[in-house]
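Inspection log for the structure reproduced underneath, given as structure tokens.
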Amino acid sequence: GAVVSQHPSRVICKSGTSVKIECRSLDFQATTMFWYRQFPKQSLMLMATSNEGSKATYEQGVEKDKFLINHASLTLSTLTVTSAHPEDSSFYICSAGARRDNQPQHFGDGTRLSIL
Amino acid sequence: KQEVTQIPAALSVPEGENLVLNCSFTDSAIYNLQWFRQDPGKGLTSLLLIQSSQREQTSGRLNASLDKSSGRSTLYIAASQPGDSATYLCAVRLQAGTALIFGKGTTLSVSS
């Protein structure tokens, strides 16, 4: 069964809306979660590393004020796309750090965000 | 900077064929390598994980090999089926606890 749950799976909203995406680790405590973004026919690109109880680490070129990450508990990280615009339309997907580093990393089912 | 390349970008084969998907990475100092499957509009399903000290891993009809010194990994799919049609992604992890670095994937189409 799924070990990482991501919600919602699809969002369609107007430009200027803020959208919150949740990522839950279902059967283990994840001190670290990762947020990726995928454009059509492109690879997954890391946006930020979410650390429980501390600030997220953002990759170069990712606006921290645009993409707010909160990792308030060991099982939940949220990504909020603030004042979304059409260019923010993409597939967002999260993963939870594995229980142990020699285990596979698991991903959520992703969120398709469409901004009109 | 680590870069991951997957060849070919797309592949079409008839059902029953054995096939090989290729993945190369520029920096051989990796921690592990993971192969995923992604169906259209869906998330990632982990297929195989190879630690840097391992040479190969097998799961059912899938076999993944790793040659760290040459920066290459292959995913071998035996007796392909239409249900194998998907995009296959290769990703490397540089250090324990860090994020994965992905290739662009190989989109496989198996016809019946």
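Within each chain, counting starts at residue 1; across the structure tokens, chains are named A, B, ... in the order shown, with ligands numbered 1 upward in that order.
Contacts from chain B to chain A at a cut-off of 6 Å (only C-alpha atoms) map to Lys42, Gly43, Leu44, Leu49, Ala96, Gly103 and Lys104 of chain B.
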Those same residues - N, CA, C and O atoms - I'd like them written as a PDB file, in the first residue's frame.
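selection.pdb written:
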```pdb
ATOM      1  N   LYS B  42       0.470  10.346 -13.312  1.00  0.00           N
ATOM      2  CA  LYS B  42       0.499   9.696 -12.000  1.00  0.00           C
ATOM      3  C   LYS B  42       1.826   9.931 -11.291  1.00  0.00           C
ATOM      4  O   LYS B  42       2.763  10.510 -11.849  1.00  0.00           O
ATOM      5  N   GLY B  43       1.881   9.445 -10.054  1.00  0.00           N
ATOM      6  CA  GLY B  43       3.110   9.546  -9.290  1.00  0.00           C
ATOM      7  C   GLY B  43       4.110   8.477  -9.696  1.00  0.00           C
ATOM      8  O   GLY B  43       3.966   7.827 -10.726  1.00  0.00           O
ATOM      9  N   LEU B  44       5.135   8.314  -8.846  1.00  0.00           N
ATOM     10  CA  LEU B  44       6.215   7.371  -9.148  1.00  0.00           C
ATOM     11  C   LEU B  44       6.076   6.090  -8.338  1.00  0.00           C
ATOM     12  O   LEU B  44       5.776   6.131  -7.146  1.00  0.00           O
ATOM     13  N   LEU B  49      16.055  -0.608  -6.229  1.00  0.00           N
ATOM     14  CA  LEU B  49      17.054   0.257  -5.596  1.00  0.00           C
ATOM     15  C   LEU B  49      18.370  -0.503  -5.566  1.00  0.00           C
ATOM     16  O   LEU B  49      18.417  -1.663  -5.132  1.00  0.00           O
ATOM     17  N   ALA B  96      23.686  10.077   1.734  1.00  0.00           N
ATOM     18  CA  ALA B  96      22.592   9.655   2.590  1.00  0.00           C
ATOM     19  C   ALA B  96      21.758  10.868   2.997  1.00  0.00           C
ATOM     20  O   ALA B  96      22.303  11.919   3.325  1.00  0.00           O
ATOM     21  N   GLY B 103      16.822  11.536 -14.192  1.00  0.00           N
ATOM     22  CA  GLY B 103      16.936  11.684 -15.626  1.00  0.00           C
ATOM     23  C   GLY B 103      15.568  12.058 -16.191  1.00  0.00           C
ATOM     24  O   GLY B 103      14.584  12.123 -15.456  1.00  0.00           O
ATOM     25  N   LYS B 104      15.506  12.282 -17.500  1.00  0.00           N
ATOM     26  CA  LYS B 104      14.247  12.685 -18.128  1.00  0.00           C
ATOM     27  C   LYS B 104      13.336  11.502 -18.410  1.00  0.00           C
ATOM     28  O   LYS B 104      12.168  11.675 -18.725  1.00  0.00           O
TER      29      LYS B 104
END
```
- Secondary structure check, strand (DSSP E) residues of chain B, as a ChimeraX atom specification: /B:4-7,10-14,19-25,32-38,44-51,56-59,62-67,72-77,86-93,100-102,106-111
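Near A:Gly53, within 10 Å and counting only C-alpha atoms, sit Thr31, Thr32, Ser50, Asn51, Lys55, Ala56, Asn70, His71, Ala72, Ser73 and Leu74 of chain A; same-chain residues fewer than 2 positions away were not included.
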Separating atom CA of A:Cys23 from atom CA of B:Gln57, to the nearest tenth of an Å, is a gap of 29.2 Å
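Surrounding stretch 77-88 of chain A within 7 Å are Ser15, Gly16, Thr17, Ser18, Val19, Lys20, Ile21, Glu22, Cys23, Arg24, Lys66, Phe67, Leu68, Ile69, Asn70, His71, Ala72, Ile115 and Leu116 of chain A, with only C-alpha atoms counted and residues fewer than 5 positions along the same chain left out.
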Do a neighbour search on stretch 61-63 of chain B at 8 Å with only C-alpha atoms, toss out local chain neighbours closer than 4 positions, and write the hits as a PDB file with all heavy atoms, in the first residue's frame.
```pdb
ATOM      1  N   GLU B  56      23.877  -5.489  -9.007  1.00  0.00           N
ATOM      2  CA  GLU B  56      22.581  -5.647  -9.648  1.00  0.00           C
ATOM      3  C   GLU B  56      21.504  -5.992  -8.622  1.00  0.00           C
ATOM      4  O   GLU B  56      21.792  -6.418  -7.501  1.00  0.00           O
ATOM      5  CB  GLU B  56      22.624  -6.726 -10.734  1.00  0.00           C
ATOM      6  CG  GLU B  56      22.869  -8.131 -10.240  1.00  0.00           C
ATOM      7  CD  GLU B  56      22.796  -9.134 -11.393  1.00  0.00           C
ATOM      8  OE1 GLU B  56      22.364  -8.781 -12.510  1.00  0.00           O
ATOM      9  OE2 GLU B  56      23.168 -10.291 -11.174  1.00  0.00           O
ATOM     10  N   GLN B  57      20.263  -5.776  -9.057  1.00  0.00           N
ATOM     11  CA  GLN B  57      19.094  -6.142  -8.268  1.00  0.00           C
ATOM     12  C   GLN B  57      18.041  -6.697  -9.226  1.00  0.00           C
ATOM     13  O   GLN B  57      17.935  -6.247 -10.372  1.00  0.00           O
ATOM     14  CB  GLN B  57      18.524  -4.922  -7.529  1.00  0.00           C
ATOM     15  CG  GLN B  57      19.318  -4.475  -6.326  1.00  0.00           C
ATOM     16  CD  GLN B  57      19.190  -5.422  -5.157  1.00  0.00           C
ATOM     17  OE1 GLN B  57      18.149  -6.049  -4.949  1.00  0.00           O
ATOM     18  NE2 GLN B  57      20.240  -5.549  -4.383  1.00  0.00           N
ATOM     19  N   LEU B  75      18.382  -1.048 -17.040  1.00  0.00           N
ATOM     20  CA  LEU B  75      17.186  -1.741 -16.571  1.00  0.00           C
ATOM     21  C   LEU B  75      16.780  -2.703 -17.675  1.00  0.00           C
ATOM     22  O   LEU B  75      16.448  -2.275 -18.784  1.00  0.00           O
ATOM     23  CB  LEU B  75      16.054  -0.763 -16.265  1.00  0.00           C
ATOM     24  CG  LEU B  75      14.749  -1.423 -15.793  1.00  0.00           C
ATOM     25  CD1 LEU B  75      14.936  -2.085 -14.433  1.00  0.00           C
ATOM     26  CD2 LEU B  75      13.614  -0.392 -15.723  1.00  0.00           C
ATOM     27  N   TYR B  76      16.802  -3.979 -17.355  1.00  0.00           N
ATOM     28  CA  TYR B  76      16.452  -5.027 -18.303  1.00  0.00           C
ATOM     29  C   TYR B  76      15.036  -5.504 -17.987  1.00  0.00           C
ATOM     30  O   TYR B  76      14.731  -5.838 -16.840  1.00  0.00           O
ATOM     31  CB  TYR B  76      17.461  -6.172 -18.176  1.00  0.00           C
ATOM     32  CG  TYR B  76      17.155  -7.388 -19.010  1.00  0.00           C
ATOM     33  CD1 TYR B  76      17.511  -7.439 -20.355  1.00  0.00           C
ATOM     34  CD2 TYR B  76      16.543  -8.500 -18.445  1.00  0.00           C
ATOM     35  CE1 TYR B  76      17.251  -8.559 -21.121  1.00  0.00           C
ATOM     36  CE2 TYR B  76      16.274  -9.628 -19.204  1.00  0.00           C
ATOM     37  CZ  TYR B  76      16.638  -9.658 -20.539  1.00  0.00           C
ATOM     38  OH  TYR B  76      16.376 -10.768 -21.291  1.00  0.00           O
ATOM     39  N   ILE B  77      14.192  -5.494 -19.014  1.00  0.00           N
ATOM     40  CA  ILE B  77      12.820  -5.982 -18.861  1.00  0.00           C
ATOM     41  C   ILE B  77      12.668  -7.205 -19.749  1.00  0.00           C
ATOM     42  O   ILE B  77      12.831  -7.124 -20.974  1.00  0.00           O
ATOM     43  CB  ILE B  77      11.779  -4.912 -19.249  1.00  0.00           C
ATOM     44  CG1 ILE B  77      11.967  -3.645 -18.407  1.00  0.00           C
ATOM     45  CG2 ILE B  77      10.363  -5.460 -19.063  1.00  0.00           C
ATOM     46  CD1 ILE B  77      11.015  -2.518 -18.769  1.00  0.00           C
ATOM     47  N   ALA B  78      12.356  -8.318 -19.136  1.00  0.00           N
ATOM     48  CA  ALA B  78      12.205  -9.562 -19.900  1.00  0.00           C
ATOM     49  C   ALA B  78      10.748  -9.761 -20.308  1.00  0.00           C
ATOM     50  O   ALA B  78       9.824  -9.391 -19.585  1.00  0.00           O
ATOM     51  CB  ALA B  78      12.671 -10.739 -19.048  1.00  0.00           C
ATOM     52  N   ALA B  79      10.582 -10.346 -21.477  1.00  0.00           N
ATOM     53  CA  ALA B  79       9.246 -10.720 -21.958  1.00  0.00           C
ATOM     54  C   ALA B  79       8.245  -9.587 -21.760  1.00  0.00           C
ATOM     55  O   ALA B  79       7.255  -9.729 -21.019  1.00  0.00           O
ATOM     56  CB  ALA B  79       8.783 -11.988 -21.268  1.00  0.00           C
TER      57      ALA B  79
END
```
